file my_file.tsv (TSV, C-alpha atoms and all ligand atoms)
chain	number	residue	atom	x	y	z
X	19	MET	CA	35.95	152.41	58.11
X	20	VAL	CA	32.49	153.71	58.98
X	21	ASN	CA	31.99	154.48	62.66
X	22	GLU	CA	28.64	154.95	64.40
X	23	PRO	CA	28.00	158.26	66.23
X	24	LEU	CA	29.45	158.04	69.73
X	25	ILE	CA	27.68	159.11	72.89
X	26	GLN	CA	30.32	160.31	75.33
X	27	SER	CA	28.66	158.85	78.43
X	28	ASP	CA	28.53	155.34	76.88
X	29	LEU	CA	32.22	155.22	76.07
X	30	ALA	CA	33.49	153.76	79.35
X	31	GLN	CA	30.91	150.96	79.14
X	32	LYS	CA	31.73	150.24	75.48
X	33	ILE	CA	35.47	150.18	76.22
X	34	ASN	CA	34.92	147.77	79.12
X	35	LEU	CA	32.89	145.45	76.88
X	36	LEU	CA	35.60	145.46	74.21
X	37	LYS	CA	38.25	144.77	76.86
X	38	LYS	CA	36.46	141.53	77.72
X	39	GLU	CA	35.70	140.53	74.12
X	40	MET	CA	39.29	141.12	72.95
X	41	ASN	CA	41.08	140.02	76.13
X	42	ALA	CA	42.67	143.47	76.10
X	43	VAL	CA	44.48	145.41	78.79
X	44	ILE	CA	44.67	149.20	78.92
X	45	LEU	CA	47.98	150.56	80.24
X	46	ALA	CA	47.93	154.29	80.99
X	47	HIS	CA	50.58	156.81	81.95
X	48	TYR	CA	49.96	159.30	84.77
X	49	TYR	CA	49.89	162.15	82.24
X	50	GLN	CA	46.65	160.91	80.64
X	51	ASP	CA	43.35	162.64	81.34
X	52	GLY	CA	41.67	161.46	84.55
X	53	GLU	CA	38.85	159.64	82.75
X	54	ILE	CA	41.42	157.59	80.79
X	55	GLN	CA	43.34	156.76	83.98
X	56	ASP	CA	40.05	155.62	85.52
X	57	ILE	CA	39.25	153.23	82.64
X	58	ALA	CA	42.78	151.76	82.60
X	59	ASP	CA	43.72	148.39	84.08
X	60	PHE	CA	47.06	149.77	85.16
X	61	VAL	CA	48.33	153.35	85.65
X	62	GLY	CA	52.01	153.98	86.26
X	63	ASP	CA	55.29	155.64	85.37
X	64	SER	CA	57.42	154.58	82.42
X	65	LEU	CA	59.21	151.78	84.26
X	66	GLN	CA	56.05	150.38	85.84
X	67	LEU	CA	54.31	150.43	82.45
X	68	ALA	CA	57.16	148.45	80.87
X	69	GLN	CA	57.02	146.00	83.78
X	70	ALA	CA	53.23	145.69	83.39
X	71	ALA	CA	53.70	145.02	79.67
X	72	VAL	CA	56.07	142.14	80.48
X	73	LYS	CA	53.61	140.58	82.93
X	74	THR	CA	50.34	140.89	81.05
X	75	GLN	CA	48.45	137.78	79.94
X	76	ALA	CA	46.19	139.83	77.64
X	77	ASP	CA	46.18	139.28	73.86
X	78	VAL	CA	45.88	142.99	73.09
X	79	ILE	CA	47.67	145.93	74.76
X	80	VAL	CA	45.99	149.31	74.38
X	81	PHE	CA	48.56	151.92	75.29
X	82	ALA	CA	47.23	155.19	76.66
X	83	GLY	CA	50.50	157.05	76.50
X	84	VAL	CA	52.91	158.14	73.79
X	85	HIS	CA	54.59	156.38	70.88
X	86	PHE	CA	57.87	155.36	72.55
X	87	MET	CA	55.93	153.76	75.42
X	88	ALA	CA	53.76	151.72	73.05
X	89	GLU	CA	56.87	150.74	71.08
X	90	THR	CA	58.46	149.48	74.31
X	91	ALA	CA	55.33	147.39	75.00
X	92	LYS	CA	55.56	145.96	71.46
X	93	ILE	CA	59.28	145.18	71.82
X	94	LEU	CA	58.43	143.26	75.00
X	95	ASN	CA	55.45	141.53	73.30
X	96	PRO	CA	56.37	141.03	69.63
X	97	ASP	CA	53.47	138.60	69.06
X	98	LYS	CA	50.74	140.76	70.62
X	99	LEU	CA	48.61	143.41	69.04
X	100	VAL	CA	49.70	146.76	70.55
X	101	LEU	CA	47.37	149.68	69.83
X	102	LEU	CA	48.17	153.37	70.27
X	103	PRO	CA	44.96	155.42	69.98
X	104	ASP	CA	46.74	158.27	68.15
X	105	LEU	CA	49.97	157.53	66.30
X	106	ASN	CA	50.83	161.24	66.40
X	107	ALA	CA	51.30	161.06	70.17
X	108	GLY	CA	55.08	161.57	70.03
X	109	CYS	CA	57.60	163.08	72.43
X	110	SER	CA	60.03	165.95	71.89
X	111	LEU	CA	62.83	163.90	73.43
X	112	ALA	CA	62.33	161.04	70.98
X	113	ASP	CA	61.74	163.36	68.03
X	114	ASP	CA	64.94	165.37	68.67
X	115	CYS	CA	67.19	162.32	68.54
X	116	PRO	CA	67.21	160.99	64.96
X	117	TYR	CA	68.88	157.62	64.29
X	118	ASP	CA	71.56	158.76	61.80
X	119	ASP	CA	72.64	161.75	63.88
X	120	PHE	CA	72.81	159.72	67.06
X	121	LYS	CA	74.75	156.92	65.34
X	122	ALA	CA	77.34	159.49	64.17
X	123	PHE	CA	77.46	161.05	67.68
X	124	ARG	CA	77.98	157.66	69.31
X	125	GLY	CA	80.69	156.87	66.74
X	126	LYS	CA	82.79	159.75	68.09
X	127	TYR	CA	83.06	157.98	71.48
X	128	PRO	CA	83.85	154.33	70.68
X	129	ASP	CA	84.95	153.47	74.24
X	130	HIS	CA	81.76	154.86	75.84
X	131	LYS	CA	78.72	152.82	76.89
X	132	VAL	CA	75.36	154.30	75.88
X	133	LEU	CA	72.61	154.83	78.46
X	134	SER	CA	69.40	155.93	76.80
X	135	TYR	CA	66.39	157.34	78.58
X	136	ILE	CA	63.34	155.27	77.68
X	137	ASN	CA	61.92	158.42	76.00
X	138	CYS	CA	63.59	157.58	72.67
X	139	SER	CA	62.59	155.70	69.54
X	140	ALA	CA	63.01	151.94	69.11
X	141	ALA	CA	65.73	152.76	66.56
X	142	ILE	CA	67.75	154.65	69.21
X	143	LYS	CA	67.23	151.75	71.61
X	144	THR	CA	69.00	149.48	69.08
X	145	LEU	CA	72.08	151.75	69.46
X	146	SER	CA	72.00	151.65	73.29
X	147	ASP	CA	73.68	149.45	75.89
X	148	VAL	CA	71.01	149.96	78.53
X	149	ILE	CA	67.73	151.85	78.87
X	150	VAL	CA	66.88	153.86	81.97
X	151	THR	CA	63.82	155.68	83.27
X	152	SER	CA	63.65	158.53	85.73
X	153	SER	CA	62.94	156.05	88.54
X	154	ASN	CA	65.92	153.74	87.97
X	155	ALA	CA	68.50	156.00	86.24
X	156	GLU	CA	70.58	156.63	89.38
X	157	LYS	CA	70.80	152.94	90.20
X	158	ILE	CA	71.74	152.00	86.63
X	159	VAL	CA	74.39	154.74	86.29
X	160	ARG	CA	75.91	153.52	89.58
X	161	SER	CA	76.00	149.94	88.24
X	162	PHE	CA	78.81	150.87	85.82
X	163	PRO	CA	82.42	150.81	87.03
X	164	GLU	CA	83.71	154.25	88.07
X	165	ASN	CA	86.18	154.41	85.18
X	166	GLN	CA	83.66	153.43	82.45
X	167	PRO	CA	82.99	156.44	80.20
X	168	LEU	CA	79.29	156.95	79.49
X	169	ILE	CA	77.02	158.69	77.00
X	170	PHE	CA	73.57	159.72	78.26
X	171	ALA	CA	70.81	160.43	75.73
X	172	PRO	CA	68.51	162.06	74.82
X	173	ASP	CA	67.56	164.21	77.87
X	174	LYS	CA	70.30	166.73	78.74
X	175	ASN	CA	68.38	167.88	81.85
X	176	LEU	CA	68.04	164.42	83.37
X	177	GLY	CA	71.65	163.72	82.31
X	178	ALA	CA	72.92	166.94	83.94
X	179	TYR	CA	70.95	166.17	87.11
X	180	LEU	CA	72.55	162.70	87.28
X	181	ASN	CA	76.04	164.09	86.54
X	182	LYS	CA	75.70	166.61	89.36
X	183	LYS	CA	74.16	164.21	91.89
X	184	LEU	CA	76.51	161.29	91.18
X	185	GLY	CA	79.68	163.27	90.40
X	186	LYS	CA	79.75	161.88	86.85
X	187	ASN	CA	80.91	163.33	83.59
X	188	MET	CA	78.57	161.59	81.16
X	189	ILE	CA	78.55	163.01	77.62
X	190	LEU	CA	75.05	164.38	77.04
X	191	TRP	CA	72.93	164.42	73.90
X	192	ASP	CA	71.33	167.85	73.46
X	193	GLY	CA	67.62	166.98	73.86
X	194	SER	CA	64.91	168.11	76.24
X	195	CYS	CA	61.25	167.68	77.12
X	196	GLN	CA	59.21	170.52	75.66
X	197	VAL	CA	56.92	170.43	78.71
X	198	HIS	CA	59.43	170.28	81.57
X	199	GLU	CA	61.79	172.75	79.92
X	200	VAL	CA	59.30	175.62	79.96
X	201	PHE	CA	58.27	175.71	83.61
X	202	SER	CA	58.70	179.25	84.88
X	203	GLU	CA	61.12	179.72	87.79
X	204	ARG	CA	59.71	183.21	88.36
X	205	LYS	CA	56.09	182.01	88.61
X	206	MET	CA	57.08	179.02	90.72
X	207	ILE	CA	58.83	181.30	93.25
X	208	ASP	CA	55.75	183.52	93.23
X	209	LEU	CA	53.56	180.49	94.01
X	210	LYS	CA	55.89	179.52	96.85
X	211	LEU	CA	55.63	183.04	98.32
X	212	ARG	CA	51.85	182.77	98.25
X	213	HIS	CA	51.94	179.19	99.66
X	214	PRO	CA	54.96	179.23	102.00
X	215	GLU	CA	54.08	175.86	103.54
X	216	ALA	CA	53.89	174.10	100.17
X	217	LEU	CA	56.65	171.66	99.20
X	218	ILE	CA	57.98	171.78	95.64
X	219	LEU	CA	57.95	168.38	93.90
X	220	ALA	CA	59.77	168.32	90.56
X	221	HIS	CA	60.53	165.83	87.79
X	222	PRO	CA	64.22	165.50	86.82
X	223	GLU	CA	63.34	166.42	83.21
X	224	CYS	CA	63.10	170.02	84.52
X	225	THR	CA	65.98	172.46	84.09
X	226	GLU	CA	68.54	172.96	86.85
X	227	SER	CA	67.10	176.40	87.71
X	228	ILE	CA	63.81	174.68	88.67
X	229	LEU	CA	65.41	171.66	90.36
X	230	ASN	CA	67.48	173.96	92.60
X	231	HIS	CA	64.24	174.94	94.40
X	232	ALA	CA	62.79	171.43	94.74
X	233	ASP	CA	62.12	169.73	98.07
X	234	TYR	CA	61.84	166.42	96.20
X	235	ILE	CA	63.03	165.34	92.74
X	236	GLY	CA	61.80	162.09	91.22
X	237	SER	CA	59.76	160.19	88.66
X	238	THR	CA	55.99	160.55	88.48
X	239	THR	CA	55.58	157.57	90.82
X	240	GLY	CA	58.23	159.03	93.14
X	241	ILE	CA	56.37	162.35	93.24
X	242	LEU	CA	53.06	160.58	93.96
X	243	ASN	CA	54.54	158.41	96.73
X	244	TYR	CA	56.34	161.37	98.30
X	245	ALA	CA	53.11	163.37	98.49
X	246	VAL	CA	51.26	160.41	100.03
X	247	SER	CA	53.83	159.78	102.76
X	248	SER	CA	54.71	163.42	103.50
X	249	PRO	CA	53.08	165.10	106.52
X	250	ALA	CA	52.85	168.32	104.44
X	251	LYS	CA	49.41	169.40	103.26
X	252	GLU	CA	50.28	171.55	100.23
X	253	PHE	CA	52.45	170.81	97.22
X	254	ILE	CA	53.56	172.69	94.11
X	255	VAL	CA	53.73	170.03	91.40
X	256	VAL	CA	56.38	170.70	88.75
X	257	THR	CA	55.56	168.05	86.19
X	258	GLU	CA	52.71	167.38	83.76
X	259	PRO	CA	49.51	167.99	85.76
X	260	GLY	CA	47.89	164.67	84.78
X	261	ILE	CA	49.63	163.16	87.83
X	262	ILE	CA	47.47	165.33	90.09
X	263	HIS	CA	44.49	163.07	89.31
X	264	GLN	CA	46.10	160.20	91.28
X	265	MET	CA	47.53	162.54	93.92
X	266	GLY	CA	44.06	163.94	94.60
X	267	LYS	CA	42.54	160.44	94.75
X	268	ALA	CA	45.23	159.19	97.15
X	269	CYS	CA	45.19	162.33	99.36
X	270	PRO	CA	41.81	164.08	99.15
X	271	ASP	CA	42.72	166.24	102.16
X	272	LYS	CA	45.87	167.69	100.55
X	273	VAL	CA	46.22	170.57	98.09
X	274	PHE	CA	48.14	170.14	94.81
X	275	ILE	CA	49.04	173.25	92.84
X	276	PRO	CA	50.21	172.73	89.24
X	277	ALA	CA	53.29	174.82	88.37
X	278	PRO	CA	52.79	177.07	85.34
X	279	PRO	CA	54.97	177.56	82.27
X	280	GLU	CA	56.37	180.99	81.31
X	281	ALA	CA	53.58	181.26	78.71
X	282	ASN	CA	50.18	182.61	79.66
X	283	CYS	CA	48.68	179.35	81.03
X	284	ALA	CA	47.81	178.08	84.50
X	285	CYS	CA	49.23	174.60	83.95
X	286	ASN	CA	51.59	172.84	81.58
X	287	GLU	CA	50.02	169.90	79.71
X	288	CYS	CA	51.90	167.59	77.34
X	289	PRO	CA	50.29	168.08	73.91
X	290	HIS	CA	51.31	164.55	72.88
X	291	MET	CA	49.88	162.78	75.91
X	292	LYS	CA	46.69	164.78	75.60
X	293	LEU	CA	46.08	163.57	72.01
X	294	ASN	CA	44.58	160.40	73.47
X	295	THR	CA	40.86	160.58	74.20
X	296	MET	CA	38.22	158.10	75.36
X	297	GLU	CA	36.76	158.19	71.87
X	298	LYS	CA	40.09	157.38	70.22
X	299	ILE	CA	40.66	154.52	72.69
X	300	TYR	CA	37.28	153.07	71.87
X	301	LEU	CA	37.80	153.40	68.11
X	302	ALA	CA	41.30	151.91	68.28
X	303	MET	CA	39.91	148.85	70.07
X	304	LYS	CA	36.91	148.52	67.76
X	305	ASN	CA	38.98	148.88	64.57
X	306	LYS	CA	42.16	147.18	65.91
X	307	PHE	CA	43.97	150.20	64.54
X	308	PRO	CA	46.33	152.11	64.76
X	309	GLU	CA	48.78	149.39	65.76
X	310	ILE	CA	52.50	149.55	66.50
X	311	ILE	CA	54.52	147.68	63.87
X	312	LEU	CA	58.29	147.19	64.07
X	313	ASP	CA	60.57	145.07	61.89
X	314	ALA	CA	62.04	141.86	63.34
X	315	GLU	CA	65.61	143.18	63.58
X	316	THR	CA	64.54	146.33	65.45
X	317	LEU	CA	62.45	144.19	67.81
X	318	ARG	CA	65.42	141.91	68.48
X	319	LEU	CA	68.07	144.61	68.95
X	320	ALA	CA	65.91	147.06	70.92
X	321	ARG	CA	64.92	144.33	73.37
X	322	LEU	CA	68.48	143.76	74.60
X	323	PRO	CA	68.96	147.11	76.43
X	324	ILE	CA	65.37	147.02	77.72
X	325	ASP	CA	65.88	143.55	79.20
X	326	LYS	CA	69.09	144.80	80.75
X	327	MET	CA	67.19	147.68	82.36
X	328	LEU	CA	64.49	145.35	83.69
X	329	ALA	CA	67.11	143.04	85.18
X	330	LEU	CA	68.83	146.02	86.89
X	331	SER	CA	65.58	147.59	88.21
W	1	LIG	P1	58.06	158.94	84.30
W	1	LIG	O1	56.60	158.62	84.36
W	1	LIG	O2	58.86	157.70	84.10
W	1	LIG	O3	58.49	159.75	85.47
W	1	LIG	O4	58.29	159.82	82.97
W	1	LIG	C1	57.76	161.06	82.78
W	1	LIG	C2	57.59	161.42	81.36
W	1	LIG	O5	57.84	162.51	80.93
W	1	LIG	C3	57.05	160.43	80.49
W	1	LIG	O6	57.02	160.93	79.22
W	2	LIG	FE1	57.80	163.59	76.03
W	2	LIG	FE2	57.81	165.58	77.78
W	2	LIG	FE3	55.48	164.76	76.79
W	2	LIG	FE4	56.86	163.16	78.51
W	2	LIG	S1	55.94	165.15	78.96
W	2	LIG	S2	55.90	162.55	76.57
W	2	LIG	S3	58.97	163.67	77.95
W	2	LIG	S4	57.15	165.69	75.62
call {"tool": "encode", "arguments": {"input": "my_file.tsv", "output": "structure tokens", "more": "lines below"}}
Ligand code: 13P
Ligand code: SF4
result
Amino acid sequence: MVNEPLIQSDLAQKINLLKKEMNAVILAHYYQDGEIQDIADFVGDSLQLAQAAVKTQADVIVFAGVHFMAETAKILNPDKLVLLPDLNAGCSLADDCPYDDFKAFRGKYPDHKVLSYINCSAAIKTLSDVIVTSSNAEKIVRSFPENQPLIFAPDKNLGAYLNKKLGKNMILWDGSCQVHEVFSERKMIDLKLRHPEALILAHPECTESILNHADYIGSTTGILNYAVSSPAKEFIVVTEPGIIHQMGKACPDKVFIPAPPEANCACNECPHMKLNTMEKIYLAMKNKFPEIILDAETLRLARLPIDKMLALS
């Protein structure tokens, strides 16, 4: 494929033209760069993006997010073209839960139901009874009878948070988010000392040592909504800093401070989410490539626990 040289400032216009020509919709996660969020038709958390994928009348879905999110959109729209601008945009949670290993793990607990965090591959979804996201996990865990034994995969931090909050004893798969796991408790406490009025808002993918300090724990949408409705003026944001784009737009008078990792950086970006660029979005639309392709059986089996989640949400 030969592509013409691209002028950065023209990209938004070119993408908008292609959207009309192709009857395409761009769905973007909050962790995308601000310019991508601004070109998107819908920006949301993982649950909202799945719900938007169900509702869309577009012929083409361009997913500005990571692979498992685009797979979910494809599972919900088997007959539509679903494009992911960079197929390498993975997720440590999905990557650390291979199908064969998880099948063997599940086999050890035949009487358990399997709740899988949406951050897993389509193959893992086929082995799951219900999918959850960080915004509906509590509600879905509570929907099971008290005496029903449960497996929670693949995020041990979200699973441990739910176990503690709900008094559960779910068996946890040993996976974690490479971004949320490396926030520095020491630097976060230091930030709080320098900004004593700031509230700490954290995503439940963080470790317990971080969550213990949080004034609010929730999904990206939960964090955004909390900041909007709170009377506080300063917030330390302990999740991927892409969310601060919408927080700043919604509350221009408030201050949002990204929490740093232990490494020598000021903020903690997801390297997978940040693989998407305006240029790659434009090229994916122009070339109708790279697209998400899944076999019919995976599409059929992975849809069942996603539909169950949507019905329970
Ligand atoms: P939510 O947007 O559902 O809170 O998920 C965060 C995340 O890490 C997505 O990869
Ligand atoms: Fe996966 Fe973590 Fe990146 Fe979300 S932030 S896509 S959970 S690696």
call {"tool": "residues_around", "arguments": {"input": "my_file.tsv", "residues": "Met40 of chain X", "least_positions_apart": "5", "cutoff": "9 Å", "atoms": "all atoms listed in the file", "output": "list in words"}}
result
Leu35, Ala76, Asp77, Val78 and Met303 of chain X
call {"tool": "write_last_selection", "arguments": {"input": "my_file.tsv", "atoms": "C-alpha atoms", "output": "compact mmCIF listing (two decimals), keeping the file's coordinate frame"}}
result
# COMPACT_ATOMS: atom_id res chain seq x y z
CA LEU X 35 32.89 145.45 76.88
CA ALA X 76 46.19 139.83 77.64
CA ASP X 77 46.18 139.28 73.86
CA VAL X 78 45.88 142.99 73.09
CA MET X 303 39.91 148.85 70.07
call {"tool": "closest_residue", "arguments": {"input": "my_file.tsv", "among": "X:Ser152, X:Asn181, X:Ser139, X:Ser237", "to": "Phe120 of chain X", "atoms": "only C-alpha atoms"}}
result
X:Ser139
call {"tool": "residues_near_ligand", "arguments": {"input": "my_file.tsv", "ligand": "ligand LIG 2 (chain W)", "cutoff": "8 Å", "atoms": "all atoms listed in the file", "output": "ChimeraX atom specification"}}
result
/X:49,83-84,108-112,137,194-198,223,257-258,287-291
call {"tool": "residues_near_point", "arguments": {"input": "my_file.tsv", "point": "(43.5, 152.3, 66.3)", "cutoff": "9 Å", "atoms": "only C-alpha atoms", "output": "tab-separated table (two decimals) with C-alpha atoms, in the coordinates of the input"}}
result
chain	number	residue	atom	x	y	z
X	80	VAL	CA	45.99	149.31	74.38
X	101	LEU	CA	47.37	149.68	69.83
X	102	LEU	CA	48.17	153.37	70.27
X	103	PRO	CA	44.96	155.42	69.98
X	104	ASP	CA	46.74	158.27	68.15
X	105	LEU	CA	49.97	157.53	66.30
X	298	LYS	CA	40.09	157.38	70.22
X	299	ILE	CA	40.66	154.52	72.69
X	300	TYR	CA	37.28	153.07	71.87
X	301	LEU	CA	37.80	153.40	68.11
X	302	ALA	CA	41.30	151.91	68.28
X	303	MET	CA	39.91	148.85	70.07
X	304	LYS	CA	36.91	148.52	67.76
X	305	ASN	CA	38.98	148.88	64.57
X	306	LYS	CA	42.16	147.18	65.91
X	307	PHE	CA	43.97	150.20	64.54
X	308	PRO	CA	46.33	152.11	64.76
X	309	GLU	CA	48.78	149.39	65.76
call {"tool": "closest_residue", "arguments": {"input": "my_file.tsv", "among": "X:Thr239, X:Ser134, X:Gln31, X:Ser331", "to": "ligand LIG 1 (chain W)", "atoms": "all atoms listed in the file"}}
result
X:Thr239
call {"tool": "residues_near_ligand", "arguments": {"input": "my_file.tsv", "ligand": "ligand LIG 1 (chain W)", "cutoff": "7 Å", "atoms": "only C-alpha atoms and all ligand atoms", "output": "VMD selection string"}}
result
chain X and resid 47 to 48 62 to 65 137 151 to 153 221 237 to 239
call {"tool": "write_last_selection", "arguments": {"input": "my_file.tsv", "atoms": "C-alpha atoms", "output": "PDB file, keeping the file's coordinate frame"}}
result
ATOM      1  CA  HIS X  47      50.580 156.810  81.950  1.00  0.00           C
ATOM      2  CA  TYR X  48      49.960 159.300  84.770  1.00  0.00           C
ATOM      3  CA  GLY X  62      52.010 153.980  86.260  1.00  0.00           C
ATOM      4  CA  ASP X  63      55.290 155.640  85.370  1.00  0.00           C
ATOM      5  CA  SER X  64      57.420 154.580  82.420  1.00  0.00           C
ATOM      6  CA  LEU X  65      59.210 151.780  84.260  1.00  0.00           C
ATOM      7  CA  ASN X 137      61.920 158.420  76.000  1.00  0.00           C
ATOM      8  CA  THR X 151      63.820 155.680  83.270  1.00  0.00           C
ATOM      9  CA  SER X 152      63.650 158.530  85.730  1.00  0.00           C
ATOM     10  CA  SER X 153      62.940 156.050  88.540  1.00  0.00           C
ATOM     11  CA  HIS X 221      60.530 165.830  87.790  1.00  0.00           C
ATOM     12  CA  SER X 237      59.760 160.190  88.660  1.00  0.00           C
ATOM     13  CA  THR X 238      55.990 160.550  88.480  1.00  0.00           C
ATOM     14  CA  THR X 239      55.580 157.570  90.820  1.00  0.00           C
TER      15      THR X 239
END
call {"tool": "atom_distance", "arguments": {"input": "my_file.tsv", "atom1": "atom CA of Pro249 of chain X", "atom2": "atom CA of Asn175 of chain X"}}
result
29.2 Å
call {"tool": "atom_distance", "arguments": {"input": "my_file.tsv", "atom1": "atom CA of Pro259 of chain X", "atom2": "atom CA of Val159 of chain X"}}
result
28.2 Å
call {"tool": "atom_distance", "arguments": {"input": "my_file.tsv", "atom1": "atom CA of Lys210 of chain X", "atom2": "atom CA of Pro276 of chain X"}}
result
11.7 Å
call {"tool": "closest_residue", "arguments": {"input": "my_file.tsv", "among": "X:Gly52, X:Pro96, X:Pro172, X:Pro278", "to": "Thr295 of chain X", "atoms": "all atoms listed in the file"}}
result
X:Gly52
call {"tool": "closest_residue", "arguments": {"input": "my_file.tsv", "among": "X:Val200, X:Ala178, X:Cys283, X:Met296", "to": "Ile33 of chain X", "atoms": "all atoms listed in the file"}}
result
X:Met296
call {"tool": "residues_around", "arguments": {"input": "my_file.tsv", "residues": "segment 321-327 of chain X", "least_positions_apart": "3", "cutoff": "7 Å", "atoms": "all atoms listed in the file", "output": "list in words"}}
result
Ile93, Leu94, Lys143, Ser146, Asp147, Val148, Ile149, Val150, Leu317, Arg318, Leu330 and Ser331 of chain X
call {"tool": "residues_around", "arguments": {"input": "my_file.tsv", "residues": "Tyr127 of chain X", "least_positions_apart": "6", "cutoff": "12 Å", "atoms": "only C-alpha atoms", "output": "PDB file with C-alpha atoms, in the coordinates of the input"}}
result
ATOM      1  CA  PHE X 120      72.810 159.720  67.060  1.00  0.00           C
ATOM      2  CA  LYS X 121      74.750 156.920  65.340  1.00  0.00           C
ATOM      3  CA  GLN X 166      83.660 153.430  82.450  1.00  0.00           C
ATOM      4  CA  PRO X 167      82.990 156.440  80.200  1.00  0.00           C
ATOM      5  CA  LEU X 168      79.290 156.950  79.490  1.00  0.00           C
ATOM      6  CA  ILE X 169      77.020 158.690  77.000  1.00  0.00           C
ATOM      7  CA  PHE X 170      73.570 159.720  78.260  1.00  0.00           C
ATOM      8  CA  MET X 188      78.570 161.590  81.160  1.00  0.00           C
ATOM      9  CA  ILE X 189      78.550 163.010  77.620  1.00  0.00           C
ATOM     10  CA  LEU X 190      75.050 164.380  77.040  1.00  0.00           C
TER      11      LEU X 190
END
call {"tool": "closest_residue", "arguments": {"input": "my_file.tsv", "among": "X:Ser27, X:Asn41, X:Thr225, X:Gln264", "to": "Gln75 of chain X", "atoms": "all atoms listed in the file"}}
result
X:Asn41
call {"tool": "closest_residue", "arguments": {"input": "my_file.tsv", "among": "X:Leu209, X:Lys292, X:Val100, X:Ile241", "to": "Ile44 of chain X", "atoms": "all atoms listed in the file"}}
result
X:Val100
call {"tool": "residues_around", "arguments": {"input": "my_file.tsv", "residues": "Asp118 of chain X", "least_positions_apart": "4", "cutoff": "12 Å", "atoms": "all atoms listed in the file", "output": "ChimeraX atom specification"}}
result
/X:114,122-125,141-142,145
call {"tool": "build_atoms", "arguments": {"input": "my_file.tsv", "residues": "segment 106-117 of chain X", "atoms": "N, CA, C and O atoms", "output": "PDB file, in the frame of the given file"}}
result
ATOM      1  N   ASN X 106      50.109 159.967  66.328  1.00  0.00           N
ATOM      2  CA  ASN X 106      50.830 161.240  66.400  1.00  0.00           C
ATOM      3  C   ASN X 106      51.269 161.604  67.815  1.00  0.00           C
ATOM      4  O   ASN X 106      51.887 162.648  68.018  1.00  0.00           O
ATOM      5  N   ALA X 107      50.909 160.770  68.786  1.00  0.00           N
ATOM      6  CA  ALA X 107      51.300 161.060  70.170  1.00  0.00           C
ATOM      7  C   ALA X 107      52.799 160.756  70.316  1.00  0.00           C
ATOM      8  O   ALA X 107      53.208 159.653  70.675  1.00  0.00           O
ATOM      9  N   GLY X 108      53.613 161.749  70.013  1.00  0.00           N
ATOM     10  CA  GLY X 108      55.080 161.570  70.030  1.00  0.00           C
ATOM     11  C   GLY X 108      55.684 162.061  71.329  1.00  0.00           C
ATOM     12  O   GLY X 108      55.056 161.990  72.389  1.00  0.00           O
ATOM     13  N   CYS X 109      56.898 162.571  71.245  1.00  0.00           N
ATOM     14  CA  CYS X 109      57.600 163.080  72.430  1.00  0.00           C
ATOM     15  C   CYS X 109      58.768 163.897  71.900  1.00  0.00           C
ATOM     16  O   CYS X 109      59.507 163.420  71.025  1.00  0.00           O
ATOM     17  N   SER X 110      58.955 165.102  72.419  1.00  0.00           N
ATOM     18  CA  SER X 110      60.030 165.950  71.890  1.00  0.00           C
ATOM     19  C   SER X 110      61.394 165.314  72.101  1.00  0.00           C
ATOM     20  O   SER X 110      62.309 165.496  71.297  1.00  0.00           O
ATOM     21  N   LEU X 111      61.542 164.544  73.177  1.00  0.00           N
ATOM     22  CA  LEU X 111      62.830 163.900  73.430  1.00  0.00           C
ATOM     23  C   LEU X 111      63.133 162.868  72.348  1.00  0.00           C
ATOM     24  O   LEU X 111      64.250 162.797  71.830  1.00  0.00           O
ATOM     25  N   ALA X 112      62.134 162.059  72.012  1.00  0.00           N
ATOM     26  CA  ALA X 112      62.330 161.040  70.980  1.00  0.00           C
ATOM     27  C   ALA X 112      62.507 161.694  69.609  1.00  0.00           C
ATOM     28  O   ALA X 112      63.377 161.306  68.819  1.00  0.00           O
ATOM     29  N   ASP X 113      61.704 162.719  69.353  1.00  0.00           N
ATOM     30  CA  ASP X 113      61.740 163.360  68.030  1.00  0.00           C
ATOM     31  C   ASP X 113      63.058 164.085  67.776  1.00  0.00           C
ATOM     32  O   ASP X 113      63.489 164.213  66.628  1.00  0.00           O
ATOM     33  N   ASP X 114      63.698 164.589  68.838  1.00  0.00           N
ATOM     34  CA  ASP X 114      64.940 165.370  68.670  1.00  0.00           C
ATOM     35  C   ASP X 114      66.192 164.506  68.701  1.00  0.00           C
ATOM     36  O   ASP X 114      67.297 165.027  68.872  1.00  0.00           O
ATOM     37  N   CYS X 115      66.015 163.206  68.542  1.00  0.00           N
ATOM     38  CA  CYS X 115      67.190 162.320  68.540  1.00  0.00           C
ATOM     39  C   CYS X 115      67.078 161.354  67.361  1.00  0.00           C
ATOM     40  O   CYS X 115      66.771 160.162  67.544  1.00  0.00           O
ATOM     41  N   PRO X 116      67.357 161.850  66.145  1.00  0.00           N
ATOM     42  CA  PRO X 116      67.210 160.990  64.960  1.00  0.00           C
ATOM     43  C   PRO X 116      68.325 159.917  64.898  1.00  0.00           C
ATOM     44  O   PRO X 116      69.447 160.157  65.343  1.00  0.00           O
ATOM     45  N   TYR X 117      67.980 158.784  64.318  1.00  0.00           N
ATOM     46  CA  TYR X 117      68.880 157.620  64.290  1.00  0.00           C
ATOM     47  C   TYR X 117      70.245 157.951  63.690  1.00  0.00           C
ATOM     48  O   TYR X 117      71.281 157.696  64.306  1.00  0.00           O
TER      49      TYR X 117
END
